[in-house]
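What follows is the content of coords-v1.txt, which has compact mmCIF, C-alpha atoms:
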# COMPACT_ATOMS: atom_id res chain seq x y z
CA MET A 1 71.72 29.66 -46.40
CA HIS A 2 73.15 31.38 -43.28
CA ALA A 3 75.73 33.22 -45.42
CA ARG A 4 72.94 34.56 -47.65
CA TRP A 5 70.97 35.84 -44.65
CA LEU A 6 74.08 37.30 -43.08
CA ALA A 7 74.69 39.24 -46.29
CA LEU A 8 71.13 40.56 -46.16
CA LEU A 9 71.29 41.39 -42.46
CA LEU A 10 74.81 42.78 -42.28
CA PRO A 11 73.70 46.34 -43.14
CA LEU A 12 71.15 46.15 -40.32
CA LEU A 13 73.67 44.72 -37.86
CA LEU A 14 76.11 47.49 -38.65
CA THR A 15 73.54 50.04 -37.51
CA LEU A 16 73.35 48.49 -34.05
CA PRO A 17 74.94 50.51 -31.24
CA ALA A 18 78.36 49.32 -30.16
CA CYS A 19 78.76 47.80 -26.69
CA GLY A 20 78.07 50.46 -24.10
CA GLU A 21 76.04 52.57 -26.53
CA ALA A 22 72.69 50.81 -26.05
CA LYS A 23 69.67 53.02 -26.57
CA SER A 24 66.73 52.80 -24.20
CA THR A 25 63.99 53.05 -26.83
CA TYR A 26 63.55 51.84 -30.38
CA SER A 27 61.27 53.35 -32.92
CA ALA A 28 59.72 51.46 -35.80
CA GLU A 29 60.10 54.53 -37.98
CA THR A 30 63.82 55.04 -37.40
CA ALA A 31 65.21 51.57 -36.79
CA ALA A 32 63.07 48.81 -38.28
CA GLN A 33 63.64 47.49 -41.77
CA PRO A 34 61.05 45.65 -43.90
CA ALA A 35 61.77 41.93 -43.63
CA GLY A 36 59.04 39.81 -45.16
CA ARG A 37 55.72 38.04 -44.68
CA VAL A 38 55.11 35.75 -41.70
CA ILE A 39 54.39 32.24 -43.01
CA LYS A 40 54.61 30.29 -39.75
CA VAL A 41 54.22 30.92 -36.03
CA ALA A 42 56.15 28.24 -34.13
CA ASP A 43 55.26 29.43 -30.63
CA GLY A 44 54.64 32.67 -28.78
CA ASP A 45 58.04 34.17 -29.57
CA THR A 46 59.28 32.57 -32.82
CA VAL A 47 58.06 33.09 -36.39
CA THR A 48 59.25 32.18 -39.86
CA ILE A 49 59.18 34.79 -42.59
CA LEU A 50 59.43 34.63 -46.35
CA SER A 51 61.51 37.52 -47.67
CA ALA A 52 60.92 39.35 -50.93
CA ASP A 53 63.54 37.10 -52.56
CA THR A 54 61.64 34.00 -51.30
CA GLN A 55 64.15 33.06 -48.60
CA LYS A 56 62.81 31.62 -45.34
CA GLN A 57 64.22 32.81 -42.03
CA ARG A 58 63.28 32.13 -38.42
CA ILE A 59 62.88 35.17 -36.23
CA ARG A 60 63.11 35.07 -32.43
CA LEU A 61 61.37 37.99 -30.71
CA ALA A 62 63.97 39.84 -28.64
CA GLU A 63 63.79 40.65 -24.94
CA ILE A 64 60.72 38.54 -24.21
CA ASP A 65 60.02 34.90 -23.42
CA THR A 66 56.63 33.23 -23.71
CA PRO A 67 55.40 29.99 -22.17
CA GLU A 68 56.51 26.89 -24.04
CA ARG A 69 54.24 24.33 -25.72
CA GLY A 70 52.92 22.09 -22.97
CA GLN A 71 53.30 24.85 -20.39
CA PRO A 72 50.25 26.72 -19.07
CA TRP A 73 49.41 29.65 -21.37
CA GLY A 74 51.74 28.41 -24.15
CA ASN A 75 48.93 27.92 -26.67
CA ASN A 76 47.38 31.29 -25.75
CA ALA A 77 50.69 33.08 -26.34
CA LYS A 78 51.09 31.39 -29.73
CA ARG A 79 47.54 32.34 -30.74
CA ALA A 80 48.11 35.95 -29.65
CA LEU A 81 51.28 36.26 -31.72
CA SER A 82 49.62 34.56 -34.67
CA SER A 83 46.67 36.95 -34.58
CA MET A 84 49.06 39.90 -34.74
CA VAL A 85 51.47 38.76 -37.43
CA TYR A 86 50.45 35.64 -39.38
CA GLY A 87 50.21 36.36 -43.10
CA ARG A 88 51.31 39.94 -42.59
CA ASN A 89 54.41 41.83 -43.64
CA ILE A 90 56.68 42.68 -40.74
CA SER A 91 59.62 44.97 -40.14
CA LEU A 92 62.53 44.14 -37.88
CA LYS A 93 64.93 45.95 -35.59
CA VAL A 94 67.66 43.31 -35.58
CA LEU A 95 69.56 42.93 -32.31
CA ASP A 96 71.49 39.71 -32.84
CA ILE A 97 71.70 36.31 -34.49
CA ASP A 98 71.47 33.51 -31.92
CA ARG A 99 73.36 30.24 -31.72
CA TYR A 100 70.58 28.51 -33.68
CA GLY A 101 70.94 30.93 -36.61
CA ARG A 102 67.72 32.77 -35.81
CA VAL A 103 67.54 36.51 -36.20
CA VAL A 104 66.76 38.04 -32.79
CA ALA A 105 64.74 41.19 -33.31
CA THR A 106 62.02 43.55 -32.26
CA VAL A 107 59.13 42.84 -34.62
CA TYR A 108 56.82 45.52 -35.95
CA VAL A 109 53.58 45.17 -37.89
CA ASP A 110 51.99 48.41 -39.12
CA GLY A 111 54.17 50.33 -36.62
CA LEU A 112 53.05 48.20 -33.64
CA ASP A 113 55.90 46.89 -31.46
CA VAL A 114 54.75 43.25 -31.29
CA ASN A 115 57.26 42.29 -28.58
CA ALA A 116 55.99 45.00 -26.22
CA GLU A 117 52.36 44.26 -27.12
CA LEU A 118 52.74 40.60 -26.12
CA VAL A 119 54.06 41.75 -22.74
CA ARG A 120 51.27 44.36 -22.40
CA GLN A 121 48.58 41.74 -23.07
CA GLY A 122 50.14 39.37 -20.53
CA HIS A 123 51.38 36.72 -22.98
CA ALA A 124 55.10 37.12 -22.26
CA TRP A 125 57.65 37.67 -19.56
CA VAL A 126 60.36 40.26 -20.06
CA TYR A 127 63.55 38.26 -20.58
CA ARG A 128 65.67 40.26 -18.16
CA GLN A 129 68.86 38.37 -19.05
CA TYR A 130 68.74 39.92 -22.54
CA LEU A 131 66.91 43.16 -21.74
CA LYS A 132 67.93 46.31 -23.59
CA ARG A 133 64.70 48.33 -23.11
CA PRO A 134 63.97 48.83 -19.40
CA GLU A 135 60.53 50.26 -20.20
CA LEU A 136 59.37 46.69 -20.90
CA ILE A 137 59.60 45.96 -17.17
CA GLN A 138 56.98 48.63 -16.44
CA ILE A 139 54.75 47.18 -19.15
CA GLU A 140 55.07 43.72 -17.55
CA ASP A 141 54.43 45.15 -14.08
CA ASP A 142 51.21 46.77 -15.36
CA ALA A 143 50.02 43.51 -16.98
CA ARG A 144 50.79 41.65 -13.75
CA ALA A 145 49.02 44.22 -11.55
CA ASN A 146 45.95 44.11 -13.79
CA HIS A 147 45.93 40.28 -14.03
CA ARG A 148 46.08 40.30 -17.82
CA GLY A 149 46.81 37.11 -19.72
CA LEU A 150 49.03 34.63 -17.90
CA TRP A 151 49.01 36.85 -14.83
CA ALA A 152 45.39 35.74 -14.24
CA LEU A 153 46.59 32.15 -13.78
CA PRO A 154 47.07 30.78 -10.28
CA GLU A 155 50.60 31.56 -9.10
CA SER A 156 51.45 27.84 -9.11
CA GLU A 157 50.94 27.81 -12.91
CA ARG A 158 53.07 30.90 -13.63
CA MET A 159 56.55 29.49 -14.06
CA PRO A 160 58.88 31.59 -16.22
CA PRO A 161 59.74 29.69 -19.41
CA TRP A 162 63.49 29.69 -18.72
CA GLN A 163 62.84 27.93 -15.39
CA TRP A 164 60.40 25.52 -17.04
CA ARG A 165 62.97 24.61 -19.74
CA LYS A 166 65.66 24.05 -17.08
CA LEU A 167 63.31 21.81 -15.08
CA LYS A 168 62.47 19.79 -18.21
CA ARG A 169 66.18 19.37 -19.05
CA GLU A 170 66.89 18.16 -15.51
CA GLN A 171 63.97 15.72 -15.62
CA HIS A 172 65.14 14.44 -19.02
CA LYS A 173 68.63 13.71 -17.62
CA GLN A 174 67.18 11.42 -14.95

Starting from the file, lay out its structure as structure tokens.
Amino acid sequence: MHARWLALLLPLLLTLPACGEAKSTYSAETAAQPAGRVIKVADGDTVTILSADTQKQRIRLAEIDTPERGQPWGNNAKRALSSMVYGRNISLKVLDIDRYGRVVATVYVDGLDVNAELVRQGHAWVYRQYLKRPELIQIEDDARANHRGLWALPESERMPPWQWRKLKREQHKQ
């Protein structure tokens, strides 16, 4: 199945800028390609689509990270993503394929940059480790300053998901 998806995505991957050529902004009109209909929302930053040729593929939203299931605000982030994309046709600006075989992309629905919208509403952190669009930091700063979404939680409940996952792994080892 991965070979089939790679064949479908290869034309998109070839349009990506080479290392050192990263662009600071992405436009749904110029970069995103129709991908399919969202049939499942796993959490606040992962969906499954059904393509026109009835293939399923998991999509990981690029450059953001949302609270995990069991973490404060995790269910809210999932509901927010679901309300934006579930049952709808999406377009993708593919950035990568991760080690789990998921397509990592900026997701668009009706021209809306879903990744940035989740940050704007306060449902996601900007994942600085994988950041390609610095403007997302300003969007996060605005959400934080205006106490939107998870930024309204007490500070003790606002642990970035990558730290939360690391803590859970360490606790599991013990």

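Taking atom CA of A:Arg99 as the reference point, atom CA of A:Ile59 is found at 12.4 Å.
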
Per residue of stretch 73-124 of chain A within 9 Å of stretch 133-138 of chain A, record the nearest atom pair and its distance in Å to one decimal, counting all atoms listed in the file, with rows in chain order and ascending residue number, as JSON lines.
{"residue": "A:Ala116", "atom": "CA", "partner": "A:Leu136", "partner_atom": "CA", "distance": 6.5}
{"residue": "A:Val119", "atom": "CA", "partner": "A:Leu136", "partner_atom": "CA", "distance": 7.5}
{"residue": "A:Arg120", "atom": "CA", "partner": "A:Leu136", "partner_atom": "CA", "distance": 8.6}

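The spacing separating atom CA of A:Gln121 from atom CA of A:Val109 amounts to 16.0 Å.
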
Length of the atom CA of A:Asp53 to atom CA of A:Val38 vector [Å] =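 Pair atom CA of A:Asp53 / atom CA of A:Val38 returns 13.8 Å.
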
Shell of 7 Å around A:Tyr108, all atoms listed in the file, local chain residues under 3 positions omitted, as a PyMOL selection string:
chain A and resi 28+90-92+111-114

query = Which neighbours of A:Gly36 fall inside 6 Å, counting all atoms listed in the file, when residues of the same chain fewer than 4 positions from it are skipped, and could you give them as a PyMOL selection string?
reply = chain A and resi 49-51+89-90

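With only C-alpha atoms as the atoms that count, the residue of A:Arg60, A:Arg128, A:Arg79, A:Lys93 with the shortest distance to A:Pro160 is A:Arg128.
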